[in-house]
Structures are given as structure tokens and as C-alpha cells.
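Chemist: See input.pdb below, with PDB, C-alpha atoms, pLDDT in the B column.
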ATOM      1  CA  MET A   4     -29.931  62.398 -18.275  1.00 63.00           C
ATOM      2  CA  ARG A   5     -29.282  65.973 -17.073  1.00 78.00           C
ATOM      3  CA  LEU A   6     -32.122  67.460 -19.084  1.00 83.00           C
ATOM      4  CA  GLY A   7     -33.196  70.960 -18.134  1.00 86.00           C
ATOM      5  CA  PRO A   8     -35.917  73.557 -18.813  1.00 90.00           C
ATOM      6  CA  GLY A   9     -36.627  74.085 -22.499  1.00 89.00           C
ATOM      7  CA  GLU A  10     -35.531  70.594 -23.513  1.00 90.00           C
ATOM      8  CA  GLU A  11     -37.925  67.909 -24.722  1.00 90.00           C
ATOM      9  CA  LEU A  12     -38.652  64.409 -23.477  1.00 87.00           C
ATOM     10  CA  THR A  13     -41.110  61.671 -24.339  1.00 87.00           C
ATOM     11  CA  VAL A  14     -43.551  60.298 -21.769  1.00 88.00           C
ATOM     12  CA  THR A  15     -45.745  57.206 -21.984  1.00 85.00           C
ATOM     13  CA  ASP A  16     -48.315  55.587 -19.725  1.00 83.00           C
ATOM     14  CA  GLY A  17     -47.147  52.122 -20.767  1.00 80.00           C
ATOM     15  CA  SER A  18     -50.485  51.365 -22.431  1.00 82.00           C
ATOM     16  CA  GLY A  19     -49.912  53.040 -25.783  1.00 79.00           C
ATOM     17  CA  LEU A  20     -50.352  56.749 -24.989  1.00 85.00           C
ATOM     18  CA  VAL A  21     -47.246  58.781 -25.898  1.00 85.00           C
ATOM     19  CA  ALA A  22     -46.716  62.476 -25.160  1.00 86.00           C
ATOM     20  CA  ARG A  23     -43.995  64.780 -26.457  1.00 89.00           C
ATOM     21  CA  CYS A  24     -43.266  67.237 -23.669  1.00 86.00           C
ATOM     22  CA  GLU A  25     -41.144  70.307 -22.937  1.00 91.00           C
ATOM     23  CA  ILE A  26     -39.513  70.541 -19.525  1.00 92.00           C
ATOM     24  CA  VAL A  27     -40.697  73.569 -17.556  1.00 91.00           C
ATOM     25  CA  ALA A  28     -38.811  72.916 -14.314  1.00 91.00           C
ATOM     26  CA  ALA A  29     -36.504  70.221 -12.937  1.00 86.00           C
ATOM     27  CA  ALA A  30     -35.355  70.189  -9.315  1.00 84.00           C
ATOM     28  CA  ALA A  31     -35.111  67.923  -6.272  1.00 81.00           C
ATOM     29  CA  GLY A  32     -35.658  64.781  -8.321  1.00 80.00           C
ATOM     30  CA  ARG A  33     -38.899  66.034  -9.843  1.00 88.00           C
ATOM     31  CA  VAL A  34     -39.674  67.213 -13.367  1.00 90.00           C
ATOM     32  CA  ARG A  35     -42.574  69.404 -14.467  1.00 91.00           C
ATOM     33  CA  ALA A  36     -43.306  69.466 -18.189  1.00 92.00           C
ATOM     34  CA  ARG A  37     -45.797  70.901 -20.654  1.00 92.00           C
ATOM     35  CA  VAL A  38     -47.441  68.516 -23.103  1.00 92.00           C
ATOM     36  CA  LEU A  39     -46.778  69.580 -26.690  1.00 90.00           C
ATOM     37  CA  GLU A  40     -48.314  66.643 -28.538  1.00 90.00           C
ATOM     38  CA  ARG A  41     -50.189  63.436 -27.731  1.00 91.00           C
ATOM     39  CA  THR A  42     -50.284  60.329 -29.924  1.00 87.00           C
ATOM     40  CA  ARG A  43     -51.621  56.823 -29.483  1.00 84.00           C
ATOM     41  CA  GLY A  44     -49.266  53.981 -30.394  1.00 73.00           C
ATOM     42  CA  LEU A  45     -50.942  51.207 -32.363  1.00 72.00           C
ATOM     43  CA  ALA A  46     -50.315  47.696 -31.080  1.00 77.00           C
ATOM     44  CA  ARG A  47     -49.739  45.411 -34.053  1.00 83.00           C
ATOM     45  CA  PRO A  48     -51.208  41.920 -33.811  1.00 90.00           C
ATOM     46  CA  PRO A  49     -50.729  39.321 -32.681  1.00 95.00           C
ATOM     47  CA  GLU A  50     -50.593  40.065 -28.975  1.00 95.00           C
ATOM     48  CA  ILE A  51     -48.082  37.609 -27.506  1.00 96.00           C
ATOM     49  CA  ALA A  52     -48.338  36.046 -24.056  1.00 97.00           C
ATOM     50  CA  VAL A  53     -45.685  33.771 -22.566  1.00 97.00           C
ATOM     51  CA  TYR A  54     -46.286  31.176 -19.861  1.00 96.00           C
ATOM     52  CA  GLN A  55     -42.807  30.463 -18.489  1.00 94.00           C
ATOM     53  CA  GLY A  56     -41.848  27.664 -16.096  1.00 92.00           C
ATOM     54  CA  ALA A  57     -40.292  29.422 -13.099  1.00 87.00           C
ATOM     55  CA  PRO A  58     -36.492  29.451 -13.622  1.00 88.00           C
ATOM     56  CA  LYS A  59     -33.961  29.436 -10.813  1.00 84.00           C
ATOM     57  CA  GLY A  60     -31.638  32.217  -9.730  1.00 81.00           C
ATOM     58  CA  THR A  61     -31.500  35.418 -11.736  1.00 87.00           C
ATOM     59  CA  LYS A  62     -32.692  33.757 -14.953  1.00 90.00           C
ATOM     60  CA  SER A  63     -36.158  35.168 -14.302  1.00 91.00           C
ATOM     61  CA  ASP A  64     -34.709  38.689 -14.550  1.00 92.00           C
ATOM     62  CA  VAL A  65     -33.170  37.811 -17.919  1.00 94.00           C
ATOM     63  CA  VAL A  66     -36.500  36.466 -19.184  1.00 94.00           C
ATOM     64  CA  VAL A  67     -38.365  39.587 -18.043  1.00 95.00           C
ATOM     65  CA  GLU A  68     -35.886  42.043 -19.568  1.00 95.00           C
ATOM     66  CA  ARG A  69     -35.526  40.298 -22.915  1.00 95.00           C
ATOM     67  CA  LEU A  70     -39.225  39.621 -23.480  1.00 96.00           C
ATOM     68  CA  ALA A  71     -40.226  43.138 -22.395  1.00 95.00           C
ATOM     69  CA  GLU A  72     -37.630  44.600 -24.748  1.00 94.00           C
ATOM     70  CA  ILE A  73     -38.960  42.796 -27.829  1.00 94.00           C
ATOM     71  CA  GLY A  74     -42.589  43.623 -27.141  1.00 92.00           C
ATOM     72  CA  VAL A  75     -44.256  40.661 -25.391  1.00 95.00           C
ATOM     73  CA  HIS A  76     -47.623  41.726 -23.979  1.00 94.00           C
ATOM     74  CA  GLU A  77     -47.812  39.476 -20.941  1.00 94.00           C
ATOM     75  CA  LEU A  78     -45.524  37.107 -19.025  1.00 95.00           C
ATOM     76  CA  ARG A  79     -46.724  34.596 -16.448  1.00 93.00           C
ATOM     77  CA  PHE A  80     -44.415  32.368 -14.427  1.00 92.00           C
ATOM     78  CA  PHE A  81     -45.891  29.027 -13.426  1.00 91.00           C
ATOM     79  CA  ASP A  82     -45.113  26.093 -11.180  1.00 88.00           C
ATOM     80  CA  SER A  83     -44.747  22.520 -12.453  1.00 89.00           C
ATOM     81  CA  ARG A  84     -43.272  19.175 -11.367  1.00 86.00           C
ATOM     82  CA  ARG A  85     -39.728  19.887 -12.540  1.00 84.00           C
ATOM     83  CA  VAL A  86     -39.582  23.539 -11.481  1.00 83.00           C
ATOM     84  CA  VAL A  87     -36.600  24.110  -9.175  1.00 72.00           C
ATOM     85  CA  ALA A  88     -37.455  27.660  -8.060  1.00 73.00           C
ATOM     86  CA  ARG A  89     -40.017  27.841  -5.257  1.00 73.00           C
ATOM     87  CA  TRP A  90     -41.235  31.309  -4.343  1.00 73.00           C
ATOM     88  CA  GLY A  91     -43.136  31.990  -1.138  1.00 71.00           C
ATOM     89  CA  PRO A  92     -45.760  34.793  -0.995  1.00 72.00           C
ATOM     90  CA  ALA A  93     -43.348  37.403   0.430  1.00 76.00           C
ATOM     91  CA  ARG A  94     -40.646  36.650  -2.152  1.00 76.00           C
ATOM     92  CA  ARG A  95     -43.218  36.651  -4.951  1.00 76.00           C
ATOM     93  CA  ALA A  96     -44.351  40.135  -3.943  1.00 78.00           C
ATOM     94  CA  ARG A  97     -40.757  41.418  -3.948  1.00 83.00           C
ATOM     95  CA  LEU A  98     -40.033  39.758  -7.278  1.00 85.00           C
ATOM     96  CA  ALA A  99     -43.195  41.170  -8.842  1.00 83.00           C
ATOM     97  CA  GLN A 100     -42.079  44.680  -7.833  1.00 86.00           C
ATOM     98  CA  ARG A 101     -38.608  44.086  -9.255  1.00 90.00           C
ATOM     99  CA  TRP A 102     -39.937  42.626 -12.501  1.00 91.00           C
ATOM    100  CA  GLU A 103     -42.329  45.525 -12.986  1.00 90.00           C
ATOM    101  CA  ALA A 104     -39.359  47.900 -12.769  1.00 92.00           C
ATOM    102  CA  LEU A 105     -37.261  45.759 -15.141  1.00 94.00           C
ATOM    103  CA  ALA A 106     -40.093  45.552 -17.683  1.00 94.00           C
ATOM    104  CA  GLY A 107     -40.596  49.313 -17.547  1.00 92.00           C
ATOM    105  CA  ALA A 108     -36.880  50.015 -18.027  1.00 93.00           C
ATOM    106  CA  ALA A 109     -36.691  47.562 -20.947  1.00 94.00           C
ATOM    107  CA  ALA A 110     -39.662  49.214 -22.656  1.00 90.00           C
ATOM    108  CA  LYS A 111     -38.005  52.608 -22.273  1.00 88.00           C
ATOM    109  CA  ARG A 112     -34.762  51.384 -23.830  1.00 89.00           C
ATOM    110  CA  ALA A 113     -36.683  49.933 -26.772  1.00 89.00           C
ATOM    111  CA  ARG A 114     -38.930  53.024 -27.036  1.00 87.00           C
ATOM    112  CA  ASN A 115     -41.948  50.779 -26.735  1.00 88.00           C
ATOM    113  CA  ALA A 116     -45.187  52.540 -25.822  1.00 88.00           C
ATOM    114  CA  TYR A 117     -46.473  49.332 -24.225  1.00 89.00           C
ATOM    115  CA  VAL A 118     -44.972  47.898 -21.038  1.00 92.00           C
ATOM    116  CA  MET A 119     -45.147  44.132 -20.569  1.00 94.00           C
ATOM    117  CA  HIS A 120     -47.337  42.944 -17.710  1.00 92.00           C
ATOM    118  CA  VAL A 121     -45.580  40.408 -15.454  1.00 90.00           C
ATOM    119  CA  MET A 122     -47.661  38.047 -13.311  1.00 75.00           C
ATOM    120  CA  ASP A 123     -51.007  38.855 -11.731  1.00 57.00           C
ATOM    121  CA  SER A 124     -51.043  40.591  -8.359  1.00 42.00           C
ATOM    122  CA  GLY A 125     -47.518  39.392  -7.609  1.00 42.00           C
ATOM    123  CA  ALA A 126     -48.556  35.747  -7.333  1.00 46.00           C
ATOM    124  CA  GLY A 127     -47.138  33.020  -9.539  1.00 63.00           C
ATOM    125  CA  MET A 128     -49.489  30.535 -11.166  1.00 80.00           C
ATOM    126  CA  GLY A 129     -50.007  27.068  -9.767  1.00 88.00           C
ATOM    127  CA  TRP A 130     -50.247  24.241 -12.267  1.00 92.00           C
ATOM    128  CA  GLU A 131     -54.047  23.975 -12.279  1.00 93.00           C
ATOM    129  CA  GLU A 132     -54.408  27.740 -12.710  1.00 92.00           C
ATOM    130  CA  MET A 133     -51.884  27.637 -15.519  1.00 93.00           C
ATOM    131  CA  VAL A 134     -53.750  24.868 -17.370  1.00 95.00           C
ATOM    132  CA  ALA A 135     -56.984  26.844 -16.985  1.00 95.00           C
ATOM    133  CA  GLY A 136     -55.210  29.919 -18.398  1.00 94.00           C
ATOM    134  CA  VAL A 137     -53.987  27.952 -21.411  1.00 96.00           C
ATOM    135  CA  LYS A 138     -57.478  26.546 -21.949  1.00 96.00           C
ATOM    136  CA  SER A 139     -58.889  30.093 -22.119  1.00 96.00           C
ATOM    137  CA  GLU A 140     -56.360  31.227 -24.748  1.00 97.00           C
ATOM    138  CA  PRO A 141     -57.612  31.520 -28.359  1.00 96.00           C
ATOM    139  CA  HIS A 142     -54.319  30.031 -29.627  1.00 97.00           C
ATOM    140  CA  ALA A 143     -51.838  28.308 -27.303  1.00 98.00           C
ATOM    141  CA  ILE A 144     -48.651  26.512 -28.325  1.00 98.00           C
ATOM    142  CA  VAL A 145     -46.499  24.339 -26.051  1.00 98.00           C
ATOM    143  CA  LEU A 146     -42.823  24.347 -27.001  1.00 97.00           C
ATOM    144  CA  TRP A 147     -41.697  20.751 -26.528  1.00 95.00           C
ATOM    145  CA  GLU A 148     -38.531  19.172 -27.858  1.00 92.00           C
ATOM    146  CA  GLU A 149     -40.309  15.883 -28.587  1.00 93.00           C
ATOM    147  CA  ALA A 150     -43.057  17.459 -30.704  1.00 94.00           C
ATOM    148  CA  GLY A 151     -43.077  16.233 -34.267  1.00 89.00           C
ATOM    149  CA  ALA A 152     -44.204  19.500 -35.855  1.00 94.00           C
ATOM    150  CA  PRO A 153     -42.152  22.719 -36.167  1.00 96.00           C
ATOM    151  CA  LEU A 154     -43.410  25.959 -34.631  1.00 96.00           C
ATOM    152  CA  ARG A 155     -44.363  27.504 -37.970  1.00 94.00           C
ATOM    153  CA  SER A 156     -46.828  24.672 -38.683  1.00 95.00           C
ATOM    154  CA  ALA A 157     -48.775  25.480 -35.500  1.00 95.00           C
ATOM    155  CA  LEU A 158     -49.287  29.167 -36.297  1.00 96.00           C
ATOM    156  CA  PRO A 159     -52.760  30.384 -37.322  1.00 93.00           C
ATOM    157  CA  ALA A 160     -53.086  32.714 -40.308  1.00 93.00           C
ATOM    158  CA  THR A 161     -54.203  35.993 -38.714  1.00 92.00           C
ATOM    159  CA  PRO A 162     -54.359  35.640 -34.926  1.00 95.00           C
ATOM    160  CA  GLU A 163     -55.143  38.471 -32.545  1.00 95.00           C
ATOM    161  CA  ARG A 164     -53.294  36.717 -29.710  1.00 97.00           C
ATOM    162  CA  ILE A 165     -50.918  33.771 -29.318  1.00 97.00           C
ATOM    163  CA  ALA A 166     -49.785  32.189 -26.048  1.00 97.00           C
ATOM    164  CA  LEU A 167     -46.495  30.293 -25.838  1.00 97.00           C
ATOM    165  CA  VAL A 168     -45.793  27.778 -23.060  1.00 97.00           C
ATOM    166  CA  VAL A 169     -42.125  27.272 -22.144  1.00 96.00           C
ATOM    167  CA  GLY A 170     -41.081  24.615 -19.635  1.00 93.00           C
ATOM    168  CA  PRO A 171     -38.581  25.110 -16.775  1.00 91.00           C
ATOM    169  CA  GLU A 172     -34.937  23.936 -16.719  1.00 88.00           C
ATOM    170  CA  GLY A 173     -35.964  20.291 -16.447  1.00 86.00           C
ATOM    171  CA  GLY A 174     -38.645  20.664 -19.097  1.00 90.00           C
ATOM    172  CA  LEU A 175     -42.276  19.576 -18.957  1.00 94.00           C
ATOM    173  CA  ASP A 176     -42.889  15.888 -18.406  1.00 94.00           C
ATOM    174  CA  ALA A 177     -45.016  13.834 -20.806  1.00 95.00           C
ATOM    175  CA  GLY A 178     -48.032  13.887 -18.482  1.00 96.00           C
ATOM    176  CA  GLU A 179     -47.989  17.667 -18.238  1.00 96.00           C
ATOM    177  CA  VAL A 180     -47.643  18.022 -21.987  1.00 97.00           C
ATOM    178  CA  ARG A 181     -50.586  15.687 -22.497  1.00 97.00           C
ATOM    179  CA  GLU A 182     -52.675  17.703 -20.032  1.00 97.00           C
ATOM    180  CA  LEU A 183     -51.903  20.944 -21.879  1.00 97.00           C
ATOM    181  CA  HIS A 184     -52.662  19.307 -25.215  1.00 98.00           C
ATOM    182  CA  ASP A 185     -56.018  18.133 -23.817  1.00 97.00           C
ATOM    183  CA  ALA A 186     -56.647  21.747 -22.766  1.00 97.00           C
ATOM    184  CA  GLY A 187     -56.430  22.776 -26.433  1.00 97.00           C
ATOM    185  CA  ALA A 188     -52.763  23.699 -26.868  1.00 97.00           C
ATOM    186  CA  ALA A 189     -50.841  22.689 -29.975  1.00 97.00           C
ATOM    187  CA  LEU A 190     -47.431  21.026 -29.563  1.00 98.00           C
ATOM    188  CA  ALA A 191     -44.467  22.376 -31.505  1.00 97.00           C
ATOM    189  CA  SER A 192     -40.696  22.133 -31.622  1.00 95.00           C
ATOM    190  CA  LEU A 193     -38.060  24.814 -32.175  1.00 94.00           C
ATOM    191  CA  GLY A 194     -35.841  22.275 -33.943  1.00 91.00           C
ATOM    192  CA  PRO A 195     -33.120  19.819 -32.955  1.00 90.00           C
ATOM    193  CA  LEU A 196     -31.204  22.154 -30.630  1.00 88.00           C
ATOM    194  CA  ILE A 197     -31.905  21.956 -26.890  1.00 87.00           C
ATOM    195  CA  LEU A 198     -32.188  25.553 -25.698  1.00 92.00           C
ATOM    196  CA  ARG A 199     -31.962  26.908 -22.179  1.00 91.00           C
ATOM    197  CA  THR A 200     -35.321  27.870 -20.722  1.00 91.00           C
ATOM    198  CA  GLU A 201     -34.354  31.559 -20.730  1.00 90.00           C
ATOM    199  CA  SER A 202     -33.395  31.301 -24.418  1.00 94.00           C
ATOM    200  CA  ALA A 203     -36.341  29.268 -25.718  1.00 94.00           C
ATOM    201  CA  ALA A 204     -38.987  31.933 -25.118  1.00 93.00           C
ATOM    202  CA  LEU A 205     -36.854  34.666 -26.693  1.00 95.00           C
ATOM    203  CA  VAL A 206     -36.130  32.568 -29.793  1.00 96.00           C
ATOM    204  CA  ALA A 207     -39.787  31.565 -30.194  1.00 96.00           C
ATOM    205  CA  VAL A 208     -41.113  35.111 -29.754  1.00 97.00           C
ATOM    206  CA  ALA A 209     -38.554  36.475 -32.223  1.00 96.00           C
ATOM    207  CA  ALA A 210     -39.698  33.828 -34.716  1.00 96.00           C
ATOM    208  CA  LEU A 211     -43.331  34.895 -34.231  1.00 96.00           C
ATOM    209  CA  LEU A 212     -42.499  38.582 -34.641  1.00 95.00           C
ATOM    210  CA  TRP A 213     -40.665  37.855 -37.890  1.00 95.00           C
ATOM    211  CA  HIS A 214     -43.372  35.513 -39.188  1.00 95.00           C
ATOM    212  CA  PHE A 215     -46.133  38.068 -38.643  1.00 95.00           C
ATOM    213  CA  GLY A 216     -44.122  40.989 -40.027  1.00 92.00           C
ATOM    214  CA  ARG A 217     -43.512  42.864 -36.787  1.00 89.00           C
ATOM    215  CA  ILE A 218     -39.730  42.785 -37.203  1.00 88.00           C
ATOM    216  CA  GLY A 219     -37.383  42.246 -40.112  1.00 82.00           C
TER     217      GLY A 219
END
Using C-alpha cells, write down the structure from this file.
Modeler:
Amino acid sequence: MRLGPGEELTVTDGSGLVARCEIVAAAAGRVRARVLERTRGLARPPEIAVYQGAPKGTKSDVVVERLAEIGVHELRFFDSRRVVARWGPARRARLAQRWEALAGAAAKRARNAYVMHVMDSGAGMGWEEMVAGVKSEPHAIVLWEEAGAPLRSALPATPERIALVVGPEGGLDAGEVRELHDAGAALASLGPLILRTESAALVAVAALLWHFGRIG
């Protein structure tokens, strides 16, 4: 951005701490700055986590960027019967590095003091691990086109955290949905339209943010 000594910039640790700084020196790709003011950004509830069926191609990048930009707290990709993308350990590690950078850049663009966490230790979730994760959530909602109830009917009044489960391109099969429901997740629909997997999470999160007064 061609900033130089005497100019100000904002720095964050990605976990809510924000510092207004004055550049003291900038050379050889490094910047030294003096902290003028520190503030702590307040995360407004509910904290939103998304469990996303692993999408193929570059769709995962789209999911990461869009969800990080609108303030999702945590994104976990998982494997299921109809998932097309299959990531080996080496590819997962490379993807995790890439997604961390994409999430950080998206947070910067949105001036968000919190950077979305993507996957744990660079390893995607197997199905059993994913079901266990959903079971541990205080409020989990599976987005399923065959659900009889709309998303708004599955929302608690004042949650601290909500987890959304989004299936892959081929969707979740009935057995998987039943297993998640048995694990404590509510089933909800986004309406009659059939959305792409990379669109469904964004639409659902935007609806949650509006419903709980975080946007709009």
C-alpha cells in the first residue's frame, strides 16, 4: 500500500485485539511501528460454526473467502458418502495453509478483528468425527432440502453458538441425515430453491446474522 514513516495502520492478532499504530520505519519488506492505541473488539453472539461437505475444485476457496468475510467463527470440511473431493494428508496440509491465508485476507478486507479458523491441524474430518462434533454442539442445524421446517423455526432465542451442517454437491443421503438428527441436530430447509453447496452456507449464515441483529 506504499505506506511510509509517519503514516498510520491498523494491526490485529485475529482474535479480537486491535492496535492503531504509527509507522516508524519501512524497508526490505519489513515494517516497524509504534503502538498508539489498543482496543479489544467485542464478538457479538451467536458464534457461528459451519460444517461443510468437502466441495470439489476451487469451490472450497470460495467457501473459505465468503464465510471468513462475513464473520463465521469456524469452518470444518468433512467427508461423507456423496463427497466427490478426496484429499490426502499432503494435499490437506497444503490446502490448510492456503485457506488460512485466504481467511486472513478476507478478514482484513472486511476489517474484522476476528479471523475464521479453518479445519483442525490441517486435517479434514471423517464422518464419525464429524457426527461426534455435531453431537458436542449446543445448537446444531442440518440444512436439508427435504426438511419440513424452515431455518427460522429451528433457531433458539439467545444462543451463544450455532453450528450449521451443509452437505456436499450430491447432498447428504437420508441415512446420514438421520444419524445427524439422532446426534441432536435439528433439520431445516432454506426454502424451495436448490442451492449450490458453496451458496447454501453463505445464504444460511447471512440469514442468521440478520435474524440475530448482527447485520442489517
Chemist: How close does each residue of range 7-76 of chain A get to range 160-177 of chain A, giving the shortest atom pair and distance in Å to one decimal for every residue with an atom at most 9 Å away, counting all atoms listed in the file, sorted by chain and residue number, as a Markdown table?
Modeler:
| residue | atom | partner | partner_atom | distance |
| --- | --- | --- | --- | --- |
| A:Arg47 | CA | A:Glu163 | CA | 8.9 |
| A:Pro48 | CA | A:Glu163 | CA | 5.4 |
| A:Pro49 | CA | A:Glu163 | CA | 4.5 |
| A:Glu50 | CA | A:Arg164 | CA | 4.4 |
| A:Ile51 | CA | A:Ile165 | CA | 5.1 |
| A:Ala52 | CA | A:Ala166 | CA | 4.6 |
| A:Val53 | CA | A:Leu167 | CA | 4.8 |
| A:Tyr54 | CA | A:Val168 | CA | 4.7 |
| A:Gln55 | CA | A:Val169 | CA | 4.9 |
| A:Gly56 | CA | A:Pro171 | CA | 4.2 |
| A:Ala57 | CA | A:Pro171 | CA | 5.9 |
| A:Pro58 | CA | A:Pro171 | CA | 5.8 |
| A:Lys59 | CA | A:Glu172 | CA | 8.1 |
Chemist: So which one's closest to Arg85 in chain A, A:Trp130, A:Cys24, A:Arg35, A:Ser63? Using all atoms listed in the file, please.
Modeler: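 Answer, going by the shortest atom-to-atom distance: A:Trp130.
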Chemist: Find the distance between CA of Gly136 in chain A and CA of Val86 in chain A and write it in Å to one decimal.
Modeler: 18.2 Å
Chemist: Under the rule that all atoms listed in the file are counted, which of A:Ile144, A:His184, A:Leu158, A:Leu205 is the nearest residue to Glu72 in chain A?
Modeler: A:Leu205
Chemist: Can you measure CA of Val65 in chain A to CA of Ala203 in chain A for me? One decimal in Å is fine.
Modeler: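 Those two atoms sit 12.0 Å apart.
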Chemist: Please indicate the distance in Å from CA of Arg43 in chain A to CA of Phe215 in chain A, rounded to one decimal place.
Modeler: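 Computing the Euclidean distance for CA of Arg43 in chain A and CA of Phe215 in chain A yields 21.6 Å.
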Chemist: For Ala106 in chain A, which residue out of A:Met133, A:Ala152, A:Ala188, A:Leu78 is the nearest one, using only C-alpha atoms?
Modeler: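 Looking at the shortest contact to Ala106 in chain A, the residue is A:Leu78.
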Chemist: If I wrap all listed atoms of range 181-189 of chain A in a box with edges along x, y and z and add 8 Å on each side, what are its centre and edge lengths in Å to one decimal, as lines of an AutoDock Vina configuration file?
Modeler:
center_x = -53.6
center_y = 19.7
center_z = -25.0
size_x = 22.1
size_y = 24.0
size_z = 25.9
Chemist: Name the residues in contact with Arg69 in chain A at a cut-off of 12 Å, using only C-alpha atoms, excluding same-chain residues fewer than 5 positions from it; report them as a ChimeraX atom specification.
Modeler: /A:62-64,74-75,78,102,105-110,112-113,119,201-206,208-209
Chemist: For each of A:Thr13, A:Ser83, A:Ser18, A:Ser156, take the minimum atom-to-atom distance to Gly44 in chain A, counting all atoms listed in the file, then give the residue where this is smallest.
Modeler: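 Of all the options, A:Ser18 lies closest to Gly44 in chain A.
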Chemist: Quick one: apply the PyMOL selection byres ((chain A and resi 14) around 10) to the file and drop the selected residues here as a ChimeraX atom specification.
Modeler: /A:11-13,15-17,20-24,36,38,41,111,116
Chemist: Between A:Ala207, A:Gln100, A:Arg94, A:Glu182, which residue has the minimum interatomic distance to Leu146 in chain A, considering all atoms listed in the file?
Modeler: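 Of A:Ala207, A:Gln100, A:Arg94, A:Glu182, the one nearest Leu146 in chain A, counting all atoms listed in the file, is A:Ala207.
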Chemist: Smallest atom-to-atom distance to Ala210 in chain A: which of A:Ile73, A:Leu198, A:Val27, A:Leu6, using only C-alpha atoms?
Modeler: A:Ile73
